[in-house]
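Shown next, in structure tokens, is the structure this report addresses.
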Amino acid sequence: MLTIEDSGFCQSRIGQIETKSGVVDTPFFMPIATKGSIKHISPEEIKQIGFQLVLGNTYHLWLRPGDDLIDRAGGLHKFMNWDGSILTDSGGFQVFSLGARAKKNFGISGVKLTEKGAEFIDHTDGSRYMLTPEKSIDIQLNLGSDIILCLDECPPYPCSYEDADKSLKLTTRWAKRCFEHFHRQISKNPKKYSKGRPKLFCIVQGSVYEDLRKESTKQLLEIEFEKLGGPKEGWDGIAIGGVAVGEPRKKLYQILDWVTPLLPKDKPRYLMGLGRPEEVVSAVCAGVDMFDCVIPTREGRHGRIFRWNSKYKTETISDLKKQIKSGASGEKTANFYETINITNEKFKEDFSPIDANCDCYACKNYTKAYIRHLFRTKEAFGFRLVSIHNLTFYYQLMQKLKMK
RNA sequence: GGGUCGGUGGCAGAGUGGUCAAAUGCACCUGACUGUAAAUCAGGCGGCGAAAGCCUACGGGAGUUCAAAUCUCUCCCGGCCCA
């Protein structure tokens, strides 16, 4: 499934993942379509930029419009008019994000965890939903997802050793249930999946503790050997979760150092929720194949633009790697790109494109002054232009990472 | 001409003797955002200063008072009503 090549400079894995909907070249970045839409951009435009896979969210699509409805619509691909591949996050991240947010806003957690699953309180009407590992799989199967994620618990940071330990073990037990349920459902419907079944990924947890990260990885990888009644297949890929939840930046690199050597080489590795360009480059060099992040779209909507620093030649992964510097705190910075805030006054009369060398729709047709004007007048077209540009930047980054 | 109400920071608009360099909103400036409850959130927004603080300010001027955006007189300007 994956062709692995060692560049000699750093470990980078160049290959392909084949899903039931098509081929995805690794390493790759996924734009986020939480609710079945990449905010402000059409699937056609996403495809035009070059993306082959987008991410949807189990929890959000379950509540609205409902996985049954999407199933009746012919699946999420058809529903949102996307003919590439789709990866769905299990709802595990919402255990973290909605729980923390409700706690901050209302003093009570919006999520209650039990052995059975995660009980959510819907923020819009207060109604309660129980998301179990089995339910999460069922929803993702209904959505027609190409890559399904196990329901996990994504603990916040800071997290005590004891809590992280408890949490990782719950994630393992849930992963086992997901694995079992997934294969049972697949084998129950041989016709439906005769042309290919979705893939199932587990998620490594363990917070910032070396032995817990390793333990989590080990426990999950053992699952394929267990007698689970279904086909004796292992995971189709392994995700690393629970990062970028507020921990010090250098912890990310440590976690990758602890976990990636333990992973099977022939299976894709997915670093969930990451990240900044330098983090993506570093992670690719550490052997990660897949990324997703809200940064290009969310920060784009908030006016931050990513662009290449023309002072440096960055056509290959080696060029990019050379421009990354590690600070004393372990934090990494990169010279190969820069960010600007388009709302800044200095762009008021800047009638040049964001990046004269960029061939994206925004750069080919519009000036910074115009885009700034759109932002200040809250015109949605501005969000669209910057989102397209930022996603193009991330796409170009991933293309460069495929070049030796 | 008479009566009446009013003139507050870029705008709108509170405040009606001290705790007022002046609420709040908008605008403006800057920053944050990592498996999206995010077109969101935070900070700043008279001048000088790192700060303590000092100076200049609630239409103009003159007063009362220890103290005035707030009270008095006068001038200027505006709304409404009457002639």
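Starting from 1 in every chain, residues are counted up; chains themselves are A, B, ... following the order of the structure tokens, and ligands are numbered from 1 as listed.
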
**OP:** Find the spatial neighbours of range 54-57 of chain B, counting only C-alpha atoms (C1' of nucleotides), within a cut-off of 12 Å - ignore same-chain residues fewer than 6 positions away - and output them as a PyMOL selection string.
**Re:** chain B and resi 8-9+20-22+46-48+69

Would you put the residues from that selection into a file with N, CA and C atoms (P, O5', C5', C4', C3', O3' and C1' of nucleotides), as a compact mmCIF listing (two decimals), in the first residue's frame?
```txt
# COMPACT_ATOMS: atom_id res chain seq x y z
P U B 8 -21.88 66.84 21.06
O5' U B 8 -21.15 66.61 22.45
C5' U B 8 -19.92 67.28 22.75
C4' U B 8 -19.15 66.50 23.78
C3' U B 8 -18.64 65.14 23.31
O3' U B 8 -17.40 65.28 22.64
C1' U B 8 -19.69 64.89 25.41
P G B 9 -17.29 64.85 21.10
O5' G B 9 -16.11 63.79 21.00
C5' G B 9 -14.81 64.17 20.53
C4' G B 9 -13.79 63.18 21.01
C3' G B 9 -13.65 61.93 20.14
O3' G B 9 -12.50 62.02 19.31
C1' G B 9 -13.81 61.39 22.45
P C B 20 -14.48 57.36 38.21
O5' C B 20 -13.97 58.22 36.99
C5' C B 20 -12.60 58.62 36.84
C4' C B 20 -12.57 59.84 35.94
C3' C B 20 -12.73 61.16 36.68
O3' C B 20 -11.68 62.09 36.40
C1' C B 20 -14.35 60.95 34.94
P A B 21 -10.18 61.56 36.41
O5' A B 21 -9.88 60.79 35.03
C5' A B 21 -9.85 61.46 33.81
C4' A B 21 -10.17 60.50 32.69
C3' A B 21 -9.10 59.43 32.43
O3' A B 21 -9.68 58.28 31.85
C1' A B 21 -9.32 60.81 30.54
P A B 22 -10.62 57.35 32.75
O5' A B 22 -12.05 57.97 32.48
C5' A B 22 -12.68 57.72 31.27
C4' A B 22 -14.13 58.07 31.38
C3' A B 22 -14.91 57.77 30.10
O3' A B 22 -15.45 56.47 30.18
C1' A B 22 -15.26 60.02 30.74
P G B 46 -7.40 57.08 24.22
O5' G B 46 -6.96 58.57 23.85
C5' G B 46 -7.28 59.09 22.57
C4' G B 46 -6.72 60.49 22.46
C3' G B 46 -5.22 60.60 22.73
O3' G B 46 -4.48 60.29 21.58
C1' G B 46 -6.35 62.23 23.98
P G B 47 -3.02 59.65 21.75
O5' G B 47 -2.17 60.86 22.32
C5' G B 47 -1.88 61.99 21.50
C4' G B 47 -0.97 62.94 22.24
C3' G B 47 0.27 62.28 22.85
O3' G B 47 1.31 62.17 21.89
C1' G B 47 -0.76 63.65 24.47
P C B 48 2.34 60.95 22.05
O5' C B 48 3.22 61.39 23.29
C5' C B 48 4.08 62.52 23.20
C4' C B 48 4.74 62.77 24.53
C3' C B 48 5.41 61.55 25.17
O3' C B 48 6.69 61.27 24.61
C1' C B 48 4.15 62.68 26.81
P A B 69 -14.87 69.07 34.51
O5' A B 69 -15.78 68.61 33.27
C5' A B 69 -16.00 69.49 32.18
C4' A B 69 -17.34 69.19 31.54
C3' A B 69 -18.53 69.54 32.42
O3' A B 69 -18.90 70.89 32.21
C1' A B 69 -18.75 67.33 31.58
```

Within 7 Å of chain A, which residues of chain B come that close, and what is the closest atom pair and distance in Å for each? Count only C-alpha atoms (C1' of nucleotides) and give it as a Markdown table.
```
| residue | atom | partner | partner_atom | distance |
| --- | --- | --- | --- | --- |
| B:C33 | C1' | A:Glu299 | CA | 6.4 |
| B:U34 | C1' | A:Gly275 | CA | 4.9 |
| B:G35 | C1' | A:Gly273 | CA | 4.3 |
| B:U36 | C1' | A:Val294 | CA | 6.4 |
| B:A37 | C1' | A:His123 | CA | 6.6 |
| B:A39 | C1' | A:Arg301 | CA | 6.2 |
```

Next, dump the selected residues to file, keeping only N, CA and C atoms (P, O5', C5', C4', C3', O3' and C1' of nucleotides), as an mmCIF file, in the first residue's frame.
```cif
data_model
loop_
_atom_site.group_PDB
_atom_site.id
_atom_site.type_symbol
_atom_site.label_atom_id
_atom_site.label_comp_id
_atom_site.auth_asym_id
_atom_site.auth_seq_id
_atom_site.Cartn_x
_atom_site.Cartn_y
_atom_site.Cartn_z
ATOM 1 P P C B 33 -1.365 30.996 18.307
ATOM 2 O "O5'" C B 33 -2.816 30.381 18.252
ATOM 3 C "C5'" C B 33 -3.438 29.402 18.840
ATOM 4 C "C4'" C B 33 -4.880 29.445 18.397
ATOM 5 C "C3'" C B 33 -5.163 28.402 17.320
ATOM 6 O "O3'" C B 33 -6.290 27.627 17.679
ATOM 7 C "C1'" C B 33 -5.888 30.566 16.617
ATOM 8 P P U B 34 -6.071 26.108 18.270
ATOM 9 O "O5'" U B 34 -5.328 25.296 17.106
ATOM 10 C "C5'" U B 34 -5.966 25.122 15.824
ATOM 11 C "C4'" U B 34 -5.355 23.897 15.162
ATOM 12 C "C3'" U B 34 -5.472 22.637 16.030
ATOM 13 O "O3'" U B 34 -5.941 21.504 15.318
ATOM 14 C "C1'" U B 34 -3.188 23.106 15.517
ATOM 15 P P G B 35 -7.308 21.498 14.459
ATOM 16 O "O5'" G B 35 -7.692 20.064 13.890
ATOM 17 C "C5'" G B 35 -7.396 18.894 14.683
ATOM 18 C "C4'" G B 35 -8.106 17.799 13.977
ATOM 19 C "C3'" G B 35 -9.547 17.625 14.446
ATOM 20 O "O3'" G B 35 -10.387 18.341 13.538
ATOM 21 C "C1'" G B 35 -8.337 15.586 14.679
ATOM 22 P P U B 36 -12.146 18.203 13.772
ATOM 23 O "O5'" U B 36 -12.466 19.427 14.752
ATOM 24 C "C5'" U B 36 -11.843 20.711 14.523
ATOM 25 C "C4'" U B 36 -12.799 21.781 14.990
ATOM 26 C "C3'" U B 36 -14.258 21.416 14.606
ATOM 27 O "O3'" U B 36 -15.142 21.085 15.675
ATOM 28 C "C1'" U B 36 -13.504 23.495 13.544
ATOM 29 P P A B 37 -15.435 21.738 17.030
ATOM 30 O "O5'" A B 37 -17.021 21.815 17.119
ATOM 31 C "C5'" A B 37 -17.656 22.483 18.124
ATOM 32 C "C4'" A B 37 -18.460 23.607 17.555
ATOM 33 C "C3'" A B 37 -17.680 24.931 17.592
ATOM 34 O "O3'" A B 37 -17.423 25.478 16.309
ATOM 35 C "C1'" A B 37 -19.779 25.063 18.749
ATOM 36 P P A B 39 -16.751 31.040 11.827
ATOM 37 O "O5'" A B 39 -16.532 32.617 11.740
ATOM 38 C "C5'" A B 39 -15.252 33.201 11.766
ATOM 39 C "C4'" A B 39 -15.352 34.524 11.051
ATOM 40 C "C3'" A B 39 -16.529 35.370 11.531
ATOM 41 O "O3'" A B 39 -16.084 36.244 12.537
ATOM 42 C "C1'" A B 39 -16.593 35.148 9.173
#
```

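Remark: for Asp138 in chain A, the closest of the candidate residues A:Lys103, A:Arg173, A:Arg184, A:Lys265 is A:Arg184 (distances computed over only C-alpha atoms).
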
Original post:
Among range 91-223 of chain A, which residues carry a DSSP assignment of alpha helix (DSSP H), reported as an MDAnalysis selection string?
Top reply: chainID A and resid 92:106 133:143 161:188 210:222

Using the selection just defined, write its residues with C-alpha atoms as a PDB file, in the first residue's frame.
```pdb
ATOM      1  CA  GLY A  92     -13.043  11.544  19.799  1.00  0.00           C
ATOM      2  CA  PHE A  93     -11.727  15.055  19.441  1.00  0.00           C
ATOM      3  CA  GLN A  94     -15.114  16.449  20.412  1.00  0.00           C
ATOM      4  CA  VAL A  95     -14.776  14.600  23.724  1.00  0.00           C
ATOM      5  CA  PHE A  96     -11.922  16.982  24.299  1.00  0.00           C
ATOM      6  CA  SER A  97     -12.994  20.173  22.556  1.00  0.00           C
ATOM      7  CA  LEU A  98     -16.668  20.282  23.508  1.00  0.00           C
ATOM      8  CA  GLY A  99     -15.974  19.072  27.004  1.00  0.00           C
ATOM      9  CA  ALA A 100     -13.401  21.765  27.603  1.00  0.00           C
ATOM     10  CA  ARG A 101     -15.439  24.480  25.954  1.00  0.00           C
ATOM     11  CA  ALA A 102     -18.618  23.768  27.888  1.00  0.00           C
ATOM     12  CA  LYS A 103     -16.617  23.684  31.084  1.00  0.00           C
ATOM     13  CA  LYS A 104     -15.133  27.073  30.331  1.00  0.00           C
ATOM     14  CA  ASN A 105     -18.466  28.623  29.353  1.00  0.00           C
ATOM     15  CA  PHE A 106     -20.933  26.964  31.711  1.00  0.00           C
ATOM     16  CA  PRO A 133     -17.380   3.008  19.801  1.00  0.00           C
ATOM     17  CA  GLU A 134     -19.882   0.856  17.909  1.00  0.00           C
ATOM     18  CA  LYS A 135     -22.143   3.806  17.188  1.00  0.00           C
ATOM     19  CA  SER A 136     -19.230   5.836  15.875  1.00  0.00           C
ATOM     20  CA  ILE A 137     -18.335   3.016  13.460  1.00  0.00           C
ATOM     21  CA  ASP A 138     -21.956   2.681  12.340  1.00  0.00           C
ATOM     22  CA  ILE A 139     -22.214   6.391  11.652  1.00  0.00           C
ATOM     23  CA  GLN A 140     -18.980   6.438   9.687  1.00  0.00           C
ATOM     24  CA  LEU A 141     -20.114   3.417   7.665  1.00  0.00           C
ATOM     25  CA  ASN A 142     -23.390   5.177   6.943  1.00  0.00           C
ATOM     26  CA  LEU A 143     -21.524   8.245   5.821  1.00  0.00           C
ATOM     27  CA  TYR A 161       0.183  10.446  34.517  1.00  0.00           C
ATOM     28  CA  GLU A 162      -2.627   8.509  36.199  1.00  0.00           C
ATOM     29  CA  ASP A 163      -5.329  10.120  34.057  1.00  0.00           C
ATOM     30  CA  ALA A 164      -3.313   9.659  30.878  1.00  0.00           C
ATOM     31  CA  ASP A 165      -2.794   6.011  31.788  1.00  0.00           C
ATOM     32  CA  LYS A 166      -6.495   5.490  32.461  1.00  0.00           C
ATOM     33  CA  SER A 167      -7.412   7.340  29.304  1.00  0.00           C
ATOM     34  CA  LEU A 168      -5.092   5.378  27.022  1.00  0.00           C
ATOM     35  CA  LYS A 169      -6.428   2.119  28.375  1.00  0.00           C
ATOM     36  CA  LEU A 170      -9.999   3.214  27.734  1.00  0.00           C
ATOM     37  CA  THR A 171      -8.956   4.182  24.214  1.00  0.00           C
ATOM     38  CA  THR A 172      -7.473   0.716  23.737  1.00  0.00           C
ATOM     39  CA  ARG A 173     -10.651  -1.005  24.976  1.00  0.00           C
ATOM     40  CA  TRP A 174     -12.723   1.208  22.715  1.00  0.00           C
ATOM     41  CA  ALA A 175     -10.367   0.491  19.792  1.00  0.00           C
ATOM     42  CA  LYS A 176     -10.877  -3.227  20.344  1.00  0.00           C
ATOM     43  CA  ARG A 177     -14.626  -2.766  20.257  1.00  0.00           C
ATOM     44  CA  CYS A 178     -14.350  -0.612  17.132  1.00  0.00           C
ATOM     45  CA  PHE A 179     -12.159  -3.177  15.409  1.00  0.00           C
ATOM     46  CA  GLU A 180     -14.512  -5.992  16.227  1.00  0.00           C
ATOM     47  CA  HIS A 181     -17.653  -4.132  15.344  1.00  0.00           C
ATOM     48  CA  PHE A 182     -16.175  -2.753  12.141  1.00  0.00           C
ATOM     49  CA  HIS A 183     -15.185  -6.160  10.796  1.00  0.00           C
ATOM     50  CA  ARG A 184     -18.478  -7.685  11.870  1.00  0.00           C
ATOM     51  CA  GLN A 185     -20.396  -5.025   9.956  1.00  0.00           C
ATOM     52  CA  ILE A 186     -18.183  -5.382   6.897  1.00  0.00           C
ATOM     53  CA  SER A 187     -18.573  -9.152   6.795  1.00  0.00           C
ATOM     54  CA  LYS A 188     -22.336  -8.831   7.265  1.00  0.00           C
ATOM     55  CA  GLU A 210       7.063   8.267  26.967  1.00  0.00           C
ATOM     56  CA  ASP A 211       6.151   4.924  28.471  1.00  0.00           C
ATOM     57  CA  LEU A 212       2.430   5.596  28.061  1.00  0.00           C
ATOM     58  CA  ARG A 213       2.795   6.553  24.403  1.00  0.00           C
ATOM     59  CA  LYS A 214       4.783   3.390  23.794  1.00  0.00           C
ATOM     60  CA  GLU A 215       2.327   1.327  25.809  1.00  0.00           C
ATOM     61  CA  SER A 216      -0.601   2.737  23.861  1.00  0.00           C
ATOM     62  CA  THR A 217       1.103   1.910  20.558  1.00  0.00           C
ATOM     63  CA  LYS A 218       1.932  -1.590  21.707  1.00  0.00           C
ATOM     64  CA  GLN A 219      -1.566  -2.315  22.999  1.00  0.00           C
ATOM     65  CA  LEU A 220      -3.212  -1.126  19.808  1.00  0.00           C
ATOM     66  CA  LEU A 221      -0.901  -3.069  17.532  1.00  0.00           C
ATOM     67  CA  GLU A 222      -1.622  -6.236  19.489  1.00  0.00           C
TER      68      GLU A 222
END
```

**OP:** Quick one: everything within 12 Å of Asn365 in chain A, counting only C-alpha atoms (C1' of nucleotides), minus sequence neighbours fewer than 5 positions away in the same chain. Send it as a count of residues only.
**Re:** 13

Subject >> Within 12 Å of G61 in chain B using only C-alpha atoms (C1' of nucleotides), minus same-chain residues under 4 positions, as number ranges by chain >> reply: B: 73-76

Original post:
Interatomic distance between CA of Asp67 in chain A and CA of Phe201 in chain A?
Top reply: 19.9 Å

Original post:
What separation in Å, quoted to one decimal, exists between CA of Cys202 in chain A and CA of Leu263 in chain A?
Top reply: 11.7 Å

Subject >> Non-local contacts of Asp146 in chain A (7 Å; only C-alpha atoms (C1' of nucleotides); under 5 positions in same chain excluded) as an MDAnalysis selection string >> reply: chainID A and resid 19:21 85:87 198:199

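Coordinates place CA of Val54 in chain A at a distance of 17.5 Å from CA of Gly74 in chain A.
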
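Close contacts of Ile305 in chain A, defined as residues with an atom at most 6 Å away when counting only C-alpha atoms (C1' of nucleotides), with chain neighbours fewer than 3 positions off set aside, comprise Gly300, Thr339 and Ile340 of chain A.
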
Would you save the residues of that selection, restricted to C-alpha atoms, as a short mmCIF file (atom, residue, chain, number, x, y, z; two decimals), in the first residue's frame?
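The resulting file, again00.cif, is reproduced below:
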```cif
data_model
loop_
_atom_site.label_atom_id
_atom_site.label_comp_id
_atom_site.auth_asym_id
_atom_site.auth_seq_id
_atom_site.Cartn_x
_atom_site.Cartn_y
_atom_site.Cartn_z
CA GLY A 300 -7.33 32.27 6.68
CA THR A 339 2.66 34.82 7.50
CA ILE A 340 1.03 38.17 7.04
#
```

Original post:
Within 12 Å of G43 in chain B, counting only C-alpha atoms (C1' of nucleotides), which residues qualify if same-chain residues fewer than 2 places away don't, as a list in words?
Top reply: C29, U30, G31, A32, C41 and C45 of chain B

Now that the selection is made, can you save its residues with C-alpha atoms (C1' of nucleotides) as a PDB file, in the first residue's frame?
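Just written: selection-v3.pdb:
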```pdb
ATOM      1  C1'   C B  29      -4.949  49.558  15.523  1.00  0.00           C
ATOM      2  C1'   U B  30      -2.516  44.983  17.048  1.00  0.00           C
ATOM      3  C1'   G B  31      -2.357  40.007  18.450  1.00  0.00           C
ATOM      4  C1'   A B  32      -4.078  34.838  19.079  1.00  0.00           C
ATOM      5  C1'   C B  41     -11.646  35.487  20.558  1.00  0.00           C
ATOM      6  C1'   C B  45      -7.722  53.133  21.248  1.00  0.00           C
TER       7        C B  45
END
```

**OP:** Using DSSP on the backbone coordinates, identify the residues of range 63-287 of chain A assigned to strand (DSSP E); present them as a count of residues only.
**Re:** 32
